[in-house]
Amino acid sequence: MSAGRKGRPDVKKKKKKASSPGSLHDALRSAVEYQRTGKFDKAEVMYRRILASVPDDADIHCNLGAALSAQGKLEDAEGILRRALHLQPGHIHALFNLANVVKELGRGGEAAALFEEVLGKDPRHRGAWFNLGNLCRDRQDIGEAKKCYQRVIAIDGSHAGALINLAHVLHEEGNTRDAIECCGQAITHDENNAAAHFNMGKLLRETGDIPGAIASYRRSAALDPADHRAFYSLGNIYKDAGRYDEAVTCFEKTLLLDPGNVMVPHLLAALRGERKGSAPPEYVRELYDRYAEGFDRHLTETLRYRIPSVLKELIGRVAGADGRFASTIDLGCGTGLAGVEFRPLSDRLTGIDISPGMIVKARKREIYDMLLVGDLLTHMEETTERYDLFLAADVLIYTGDLAPLFAAVHRSSLSGAWLGFSTERTDEGGFLLRKTGRFAHAPSYIETTAGDHGFDVVVRQAETIRMENDRPIHGDVFILRRRG
């Protein structure tokens, strides 16, 4: 889910002093107006001009620091804000702005201490509670983040950012119903909040309310037509619903707004029926990085995925119930679902995945002897290790041409090594890129290509690979063995 915006910098509106020259007052008024309207470079010039006349004014230093921060001049902003605090220790606006700058500079612990100092002076400072909550989220302290957002809402029940971010926290806790209620409250208080509608769309899609999700994404796109995320999300909903022309339109719009998007070109190629040998590595990496959070629950509960246990059963059948493997490699290991099944059968277990997010999750299982982030083909072409069991559960759906894979497996395998994997099935021969963005393979193609690279098909078993939109995705599980 998308996070709400951070608290705005505090700008001190300095009252005119009786002794102040009119020109100085006019300059200050112009500077504050420039800052209010987002003309931060002009505000900076005006504040510096004022400081030439009143060099020890803490309020002007505070406002200049905020203007510098808004332009991304963070180091300069920090210096100016510290000068304000030197001139007036405990200046609450300077403290708050300095906390934001320090946070942007990546010093989260120091920023948290500064926000807490602000709250010590003003326990009802919404911006400090809100940004402290964001810091807690950044360090995965969901419980504390939740408390911070709740404090903001207790002070201001219409604070859209806190409501949106509380919805995100509730969703991470598995409380989707209350998350939807929070987004609904944000929309009630501000019906033109694009972020609230976008996040509502994500939540409704997850609950299966596709018409509601479409309506929310459309509203988000209408309110913020420059935000590519709503168009991308709509494209995926339309793709999954078989509304391919609408999906293409949305993905084309996404690419116009976000030319560097690594997902959309592959999806457009699939929807247009183009022939490709494999999905781009960056597509697979980003797909699974996005999917890492909640992956296991979604895969096993929603999609009813059970391929790792099927692989274990079939390999046990052909290799013997007491069979053990000296060195197993889990290709595209994901969060380690297959590793859990094969750890008891493996003296050494290696996992490799292109997604760093998946490797983080797999590492928490503490079942692998080695975990690697990288491309599996590159690893097998470069490694000096030899394996007697290769696993690829739900991995080959992103590779059409399997010849390079079988060649790499053969190169890094011991004599008589086993290879177990799953595929989606096509009866059209060869392989094809489906409109889903995944590849399907004909069993005859697998048998021929495997044979060309020194492998025999020992077992082929038809399986429902997963459920998708309550429909079974048909495929096959293969067990191959290297000759010789």
# chains A, B, ... in the order shown; residues from 1 in each chain; ligands from 1
$ residues_around --residues "Asp394 of chain A" --least-positions-apart "2" --cutoff "7 Å" --atoms "only C-alpha atoms" --output "list of chain:residue names"
A:Ala392, A:Leu396, A:Ile397, A:Ser422, A:Thr423
$ residues_around --residues "Val459 of chain A" --least-positions-apart "4" --cutoff "9 Å" --atoms "only C-alpha atoms" --output "list of chain:residue names"
A:Leu314, A:Ile315, A:Val318, A:Val477, A:Phe478, A:Ile479, A:Leu480
$ closest_atom_pairs --of "segment 370-452 of chain A" --to "segment 325-346 of chain A" --cutoff "6 Å" --atoms "only C-alpha atoms" --output "tab-separated table"
residue	atom	partner	partner_atom	distance
A:Tyr387	CA	A:Ser327	CA	4.9
A:Asp388	CA	A:Ser327	CA	5.8
A:Leu389	CA	A:Thr328	CA	4.7
A:Phe390	CA	A:Ile329	CA	5.2
A:Leu391	CA	A:Asp330	CA	4.9
A:Ala392	CA	A:Leu331	CA	5.0
A:Val395	CA	A:Gly332	CA	6.0
$ atom_distance --atom1 "atom CA of Leu64 of chain A" --atom2 "atom CA of Arg49 of chain A"
10.6 Å
$ atom_distance --atom1 "atom CA of Pro89 of chain A" --atom2 "atom CA of Ala58 of chain A"
9.3 Å
$ closest_residue --among "A:Leu114, A:Ala279, A:Ala247, A:Ala450" --to "Ala403 of chain A" --atoms "only C-alpha atoms"
A:Ala450
$ select_by_dssp --residues "segment 84-317 of chain A" --states "helix (DSSP H, G or I)" --output "PyMOL selection string"
chain A and resi 84-87+92-104+108-121+126-138+142-155+160-172+176-189+194-206+210-223+228-240+244-257+264-271+281-291+295-302+307-317
$ residues_around --residues "segment 232-244 of chain A" --least-positions-apart "4" --cutoff "8 Å" --atoms "only C-alpha atoms" --output "PDB file with all heavy atoms, in the first residue's frame"
ATOM      1  N   ILE A 210     -13.642  -7.019  -7.098  1.00  0.00           N
ATOM      2  CA  ILE A 210     -13.003  -6.486  -8.300  1.00  0.00           C
ATOM      3  C   ILE A 210     -13.714  -5.240  -8.828  1.00  0.00           C
ATOM      4  O   ILE A 210     -13.060  -4.245  -9.165  1.00  0.00           O
ATOM      5  CB  ILE A 210     -12.918  -7.575  -9.392  1.00  0.00           C
ATOM      6  CG1 ILE A 210     -12.112  -8.778  -8.863  1.00  0.00           C
ATOM      7  CG2 ILE A 210     -12.273  -7.019 -10.653  1.00  0.00           C
ATOM      8  CD1 ILE A 210     -10.730  -8.429  -8.348  1.00  0.00           C
ATOM      9  N   ILE A 214     -11.779  -1.678  -9.174  1.00  0.00           N
ATOM     10  CA  ILE A 214     -11.703  -0.940 -10.438  1.00  0.00           C
ATOM     11  C   ILE A 214     -12.202   0.485 -10.247  1.00  0.00           C
ATOM     12  O   ILE A 214     -11.573   1.454 -10.705  1.00  0.00           O
ATOM     13  CB  ILE A 214     -12.505  -1.666 -11.538  1.00  0.00           C
ATOM     14  CG1 ILE A 214     -11.779  -2.955 -11.954  1.00  0.00           C
ATOM     15  CG2 ILE A 214     -12.709  -0.765 -12.755  1.00  0.00           C
ATOM     16  CD1 ILE A 214     -12.560  -3.822 -12.914  1.00  0.00           C
ATOM     17  N   TYR A 217      -9.531   2.486  -8.301  1.00  0.00           N
ATOM     18  CA  TYR A 217      -8.365   2.820  -9.116  1.00  0.00           C
ATOM     19  C   TYR A 217      -8.712   3.887 -10.160  1.00  0.00           C
ATOM     20  O   TYR A 217      -7.912   4.783 -10.438  1.00  0.00           O
ATOM     21  CB  TYR A 217      -7.830   1.571  -9.816  1.00  0.00           C
ATOM     22  CG  TYR A 217      -7.037   0.646  -8.918  1.00  0.00           C
ATOM     23  CD1 TYR A 217      -7.225  -0.742  -8.977  1.00  0.00           C
ATOM     24  CD2 TYR A 217      -6.095   1.129  -8.030  1.00  0.00           C
ATOM     25  CE1 TYR A 217      -6.497  -1.601  -8.180  1.00  0.00           C
ATOM     26  CE2 TYR A 217      -5.357   0.277  -7.220  1.00  0.00           C
ATOM     27  CZ  TYR A 217      -5.561  -1.079  -7.300  1.00  0.00           C
ATOM     28  OH  TYR A 217      -4.827  -1.927  -6.500  1.00  0.00           O
ATOM     29  N   ARG A 218      -9.892   3.776 -10.744  1.00  0.00           N
ATOM     30  CA  ARG A 218     -10.302   4.782 -11.724  1.00  0.00           C
ATOM     31  C   ARG A 218     -10.407   6.156 -11.080  1.00  0.00           C
ATOM     32  O   ARG A 218     -10.004   7.168 -11.669  1.00  0.00           O
ATOM     33  CB  ARG A 218     -11.642   4.382 -12.337  1.00  0.00           C
ATOM     34  CG  ARG A 218     -11.544   3.313 -13.418  1.00  0.00           C
ATOM     35  CD  ARG A 218     -12.917   2.952 -13.921  1.00  0.00           C
ATOM     36  NE  ARG A 218     -12.858   2.088 -15.097  1.00  0.00           N
ATOM     37  CZ  ARG A 218     -13.910   1.457 -15.613  1.00  0.00           C
ATOM     38  NH1 ARG A 218     -15.099   1.578 -15.042  1.00  0.00           N
ATOM     39  NH2 ARG A 218     -13.784   0.708 -16.689  1.00  0.00           N
ATOM     40  N   HIS A 228       1.345   6.888 -12.342  1.00  0.00           N
ATOM     41  CA  HIS A 228       1.288   5.684 -13.177  1.00  0.00           C
ATOM     42  C   HIS A 228       0.747   4.469 -12.437  1.00  0.00           C
ATOM     43  O   HIS A 228       0.297   3.501 -13.053  1.00  0.00           O
ATOM     44  CB  HIS A 228       2.683   5.356 -13.718  1.00  0.00           C
ATOM     45  CG  HIS A 228       3.705   5.124 -12.649  1.00  0.00           C
ATOM     46  ND1 HIS A 228       3.922   3.896 -12.067  1.00  0.00           N
ATOM     47  CD2 HIS A 228       4.567   5.971 -12.038  1.00  0.00           C
ATOM     48  CE1 HIS A 228       4.863   3.981 -11.163  1.00  0.00           C
ATOM     49  NE2 HIS A 228       5.279   5.236 -11.106  1.00  0.00           N
ATOM     50  N   VAL A 248      -4.265  -3.525 -22.241  1.00  0.00           N
ATOM     51  CA  VAL A 248      -3.247  -2.928 -23.115  1.00  0.00           C
ATOM     52  C   VAL A 248      -3.296  -1.408 -23.030  1.00  0.00           C
ATOM     53  O   VAL A 248      -2.255  -0.741 -22.914  1.00  0.00           O
ATOM     54  CB  VAL A 248      -3.443  -3.400 -24.572  1.00  0.00           C
ATOM     55  CG1 VAL A 248      -2.612  -2.548 -25.527  1.00  0.00           C
ATOM     56  CG2 VAL A 248      -3.054  -4.865 -24.715  1.00  0.00           C
ATOM     57  N   THR A 249      -4.492  -0.844 -23.064  1.00  0.00           N
ATOM     58  CA  THR A 249      -4.633   0.616 -22.974  1.00  0.00           C
ATOM     59  C   THR A 249      -4.028   1.148 -21.680  1.00  0.00           C
ATOM     60  O   THR A 249      -3.301   2.147 -21.673  1.00  0.00           O
ATOM     61  CB  THR A 249      -6.113   1.018 -23.055  1.00  0.00           C
ATOM     62  OG1 THR A 249      -6.646   0.598 -24.319  1.00  0.00           O
ATOM     63  CG2 THR A 249      -6.283   2.522 -22.916  1.00  0.00           C
ATOM     64  N   CYS A 250      -4.313   0.475 -20.568  1.00  0.00           N
ATOM     65  CA  CYS A 250      -3.791   0.918 -19.272  1.00  0.00           C
ATOM     66  C   CYS A 250      -2.277   0.764 -19.192  1.00  0.00           C
ATOM     67  O   CYS A 250      -1.582   1.637 -18.662  1.00  0.00           O
ATOM     68  CB  CYS A 250      -4.460   0.140 -18.150  1.00  0.00           C
ATOM     69  SG  CYS A 250      -6.179   0.617 -17.857  1.00  0.00           S
ATOM     70  N   PHE A 251      -1.749  -0.341 -19.720  1.00  0.00           N
ATOM     71  CA  PHE A 251      -0.304  -0.550 -19.671  1.00  0.00           C
ATOM     72  C   PHE A 251       0.420   0.452 -20.575  1.00  0.00           C
ATOM     73  O   PHE A 251       1.510   0.928 -20.244  1.00  0.00           O
ATOM     74  CB  PHE A 251       0.050  -1.977 -20.061  1.00  0.00           C
ATOM     75  CG  PHE A 251      -0.269  -2.998 -18.997  1.00  0.00           C
ATOM     76  CD1 PHE A 251      -0.788  -4.241 -19.338  1.00  0.00           C
ATOM     77  CD2 PHE A 251      -0.054  -2.722 -17.663  1.00  0.00           C
ATOM     78  CE1 PHE A 251      -1.089  -5.187 -18.365  1.00  0.00           C
ATOM     79  CE2 PHE A 251      -0.342  -3.654 -16.674  1.00  0.00           C
ATOM     80  CZ  PHE A 251      -0.861  -4.884 -17.035  1.00  0.00           C
ATOM     81  N   THR A 254       0.585   3.546 -18.661  1.00  0.00           N
ATOM     82  CA  THR A 254       1.599   3.401 -17.613  1.00  0.00           C
ATOM     83  C   THR A 254       2.987   3.683 -18.167  1.00  0.00           C
ATOM     84  O   THR A 254       3.782   4.409 -17.550  1.00  0.00           O
ATOM     85  CB  THR A 254       1.575   1.978 -17.032  1.00  0.00           C
ATOM     86  OG1 THR A 254       0.277   1.686 -16.529  1.00  0.00           O
ATOM     87  CG2 THR A 254       2.586   1.829 -15.910  1.00  0.00           C
ATOM     88  N   LEU A 271       0.433  -9.771 -23.986  1.00  0.00           N
ATOM     89  CA  LEU A 271      -0.931  -9.458 -24.418  1.00  0.00           C
ATOM     90  C   LEU A 271      -1.024  -9.310 -25.932  1.00  0.00           C
ATOM     91  O   LEU A 271      -2.075  -9.570 -26.521  1.00  0.00           O
ATOM     92  CB  LEU A 271      -1.404  -8.170 -23.735  1.00  0.00           C
ATOM     93  CG  LEU A 271      -1.653  -8.290 -22.227  1.00  0.00           C
ATOM     94  CD1 LEU A 271      -1.804  -6.917 -21.599  1.00  0.00           C
ATOM     95  CD2 LEU A 271      -2.889  -9.138 -21.952  1.00  0.00           C
ATOM     96  N   LYS A 435      -0.974 -14.729 -22.129  1.00  0.00           N
ATOM     97  CA  LYS A 435      -1.348 -13.347 -21.845  1.00  0.00           C
ATOM     98  C   LYS A 435      -1.152 -12.995 -20.371  1.00  0.00           C
ATOM     99  O   LYS A 435      -1.161 -11.823 -20.004  1.00  0.00           O
ATOM    100  CB  LYS A 435      -2.784 -13.095 -22.283  1.00  0.00           C
ATOM    101  CG  LYS A 435      -2.980 -13.174 -23.799  1.00  0.00           C
ATOM    102  CD  LYS A 435      -4.390 -12.789 -24.205  1.00  0.00           C
ATOM    103  CE  LYS A 435      -4.609 -12.978 -25.701  1.00  0.00           C
ATOM    104  NZ  LYS A 435      -3.755 -12.091 -26.518  1.00  0.00           N
ATOM    105  N   THR A 436      -0.973 -13.994 -19.533  1.00  0.00           N
ATOM    106  CA  THR A 436      -0.685 -13.759 -18.119  1.00  0.00           C
ATOM    107  C   THR A 436       0.731 -13.253 -17.895  1.00  0.00           C
ATOM    108  O   THR A 436       1.065 -12.803 -16.803  1.00  0.00           O
ATOM    109  CB  THR A 436      -0.856 -15.057 -17.322  1.00  0.00           C
ATOM    110  OG1 THR A 436       0.038 -16.048 -17.876  1.00  0.00           O
ATOM    111  CG2 THR A 436      -2.285 -15.562 -17.397  1.00  0.00           C
ATOM    112  N   ASN A 469      -7.992 -16.929  -9.920  1.00  0.00           N
ATOM    113  CA  ASN A 469      -9.369 -16.460 -10.079  1.00  0.00           C
ATOM    114  C   ASN A 469     -10.345 -17.632  -9.978  1.00  0.00           C
ATOM    115  O   ASN A 469     -11.306 -17.738 -10.750  1.00  0.00           O
ATOM    116  CB  ASN A 469      -9.547 -15.725 -11.415  1.00  0.00           C
ATOM    117  CG  ASN A 469      -8.669 -14.490 -11.518  1.00  0.00           C
ATOM    118  OD1 ASN A 469      -8.485 -13.781 -10.531  1.00  0.00           O
ATOM    119  ND2 ASN A 469      -8.121 -14.243 -12.695  1.00  0.00           N
TER     120      ASN A 469
END
$ closest_residue --among "A:Gly212, A:Val373, A:Ile446, A:Ala440" --to "Leu405 of chain A" --atoms "only C-alpha atoms"
A:Ile446
$ residues_around --residues "Ala111 of chain A" --least-positions-apart "6" --cutoff "12 Å" --atoms "only C-alpha atoms" --output "list in words"
Glu78, Leu95, Phe96, Asn97, Leu98, Ala99, Asn100, Val101, Val102, Lys103, Glu104, Leu105, Glu117, Val118, Ala128, Asn131, Leu132, Gly133, Asn134, Leu135 and Cys136 of chain A
$ residues_around --residues "segment 182-199 of chain A" --least-positions-apart "5" --cutoff "6 Å" --atoms "only C-alpha atoms" --output "count of residues only"
10
$ decode --residues "segment 30-41 of chain A" --atoms "all heavy atoms" --output "short mmCIF file (atom, residue, chain, number, x, y, z; two decimals), in the first residue's frame"
data_model
loop_
_atom_site.label_atom_id
_atom_site.label_comp_id
_atom_site.auth_asym_id
_atom_site.auth_seq_id
_atom_site.Cartn_x
_atom_site.Cartn_y
_atom_site.Cartn_z
N SER A 30 6.97 38.48 1.35
CA SER A 30 7.19 37.87 0.02
C SER A 30 7.82 36.48 0.15
O SER A 30 7.44 35.54 -0.55
CB SER A 30 8.10 38.77 -0.82
OG SER A 30 7.48 40.01 -1.09
N ALA A 31 8.79 36.37 1.07
CA ALA A 31 9.47 35.08 1.24
C ALA A 31 8.50 34.00 1.70
O ALA A 31 8.51 32.87 1.18
CB ALA A 31 10.61 35.23 2.26
N VAL A 32 7.66 34.32 2.67
CA VAL A 32 6.67 33.35 3.17
C VAL A 32 5.69 32.98 2.06
O VAL A 32 5.31 31.80 1.92
CB VAL A 32 5.94 33.91 4.40
CG1 VAL A 32 4.77 33.01 4.79
CG2 VAL A 32 6.91 34.06 5.57
N GLU A 33 5.29 33.96 1.24
CA GLU A 33 4.36 33.67 0.15
C GLU A 33 5.02 32.78 -0.90
O GLU A 33 4.40 31.84 -1.41
CB GLU A 33 3.88 34.97 -0.49
CG GLU A 33 2.89 34.79 -1.64
CD GLU A 33 1.59 34.10 -1.23
OE1 GLU A 33 1.29 34.04 -0.02
OE2 GLU A 33 0.86 33.62 -2.14
N TYR A 34 6.28 33.04 -1.22
CA TYR A 34 7.00 32.17 -2.16
C TYR A 34 7.04 30.73 -1.62
O TYR A 34 6.82 29.77 -2.35
CB TYR A 34 8.43 32.67 -2.36
CG TYR A 34 8.57 33.86 -3.27
CD1 TYR A 34 9.46 34.90 -2.96
CD2 TYR A 34 7.84 33.97 -4.45
CE1 TYR A 34 9.61 36.00 -3.80
CE2 TYR A 34 7.97 35.06 -5.30
CZ TYR A 34 8.86 36.08 -4.96
OH TYR A 34 9.00 37.16 -5.79
N GLN A 35 7.31 30.61 -0.33
CA GLN A 35 7.40 29.29 0.28
C GLN A 35 6.03 28.61 0.27
O GLN A 35 5.93 27.41 -0.02
CB GLN A 35 7.92 29.42 1.71
CG GLN A 35 8.40 28.11 2.31
CD GLN A 35 9.42 28.33 3.40
OE1 GLN A 35 9.71 29.47 3.77
NE2 GLN A 35 9.99 27.27 3.92
N ARG A 36 5.00 29.35 0.55
CA ARG A 36 3.64 28.79 0.58
C ARG A 36 3.23 28.27 -0.79
O ARG A 36 2.51 27.26 -0.89
CB ARG A 36 2.65 29.85 1.06
CG ARG A 36 1.23 29.32 1.29
CD ARG A 36 0.26 30.44 1.60
NE ARG A 36 0.06 31.29 0.43
CZ ARG A 36 -0.78 30.99 -0.57
NH1 ARG A 36 -1.47 29.86 -0.55
NH2 ARG A 36 -0.91 31.79 -1.59
N THR A 37 3.67 28.92 -1.85
CA THR A 37 3.26 28.55 -3.21
C THR A 37 4.29 27.65 -3.90
O THR A 37 4.18 27.40 -5.10
CB THR A 37 3.03 29.82 -4.05
OG1 THR A 37 4.23 30.63 -4.03
CG2 THR A 37 1.86 30.62 -3.51
N GLY A 38 5.28 27.14 -3.15
CA GLY A 38 6.23 26.18 -3.71
C GLY A 38 7.37 26.77 -4.49
O GLY A 38 8.11 26.04 -5.15
N LYS A 39 7.56 28.08 -4.43
CA LYS A 39 8.68 28.72 -5.14
C LYS A 39 9.85 28.83 -4.16
O LYS A 39 10.25 29.91 -3.73
CB LYS A 39 8.25 30.09 -5.65
CG LYS A 39 7.08 30.01 -6.64
CD LYS A 39 6.56 31.40 -7.01
CE LYS A 39 5.36 31.28 -7.95
NZ LYS A 39 4.76 32.61 -8.25
N PHE A 40 10.41 27.67 -3.84
CA PHE A 40 11.38 27.60 -2.76
C PHE A 40 12.70 28.28 -3.09
O PHE A 40 13.37 28.81 -2.20
CB PHE A 40 11.62 26.13 -2.38
CG PHE A 40 10.37 25.42 -1.97
CD1 PHE A 40 9.82 24.42 -2.76
CD2 PHE A 40 9.72 25.76 -0.79
CE1 PHE A 40 8.65 23.78 -2.38
CE2 PHE A 40 8.56 25.11 -0.40
CZ PHE A 40 8.02 24.12 -1.20
N ASP A 41 13.09 28.26 -4.36
CA ASP A 41 14.33 28.93 -4.73
C ASP A 41 14.23 30.44 -4.50
O ASP A 41 15.15 31.08 -4.00
CB ASP A 41 14.70 28.62 -6.18
CG ASP A 41 13.59 28.96 -7.18
OD1 ASP A 41 12.42 29.09 -6.75
OD2 ASP A 41 13.90 29.09 -8.38
#
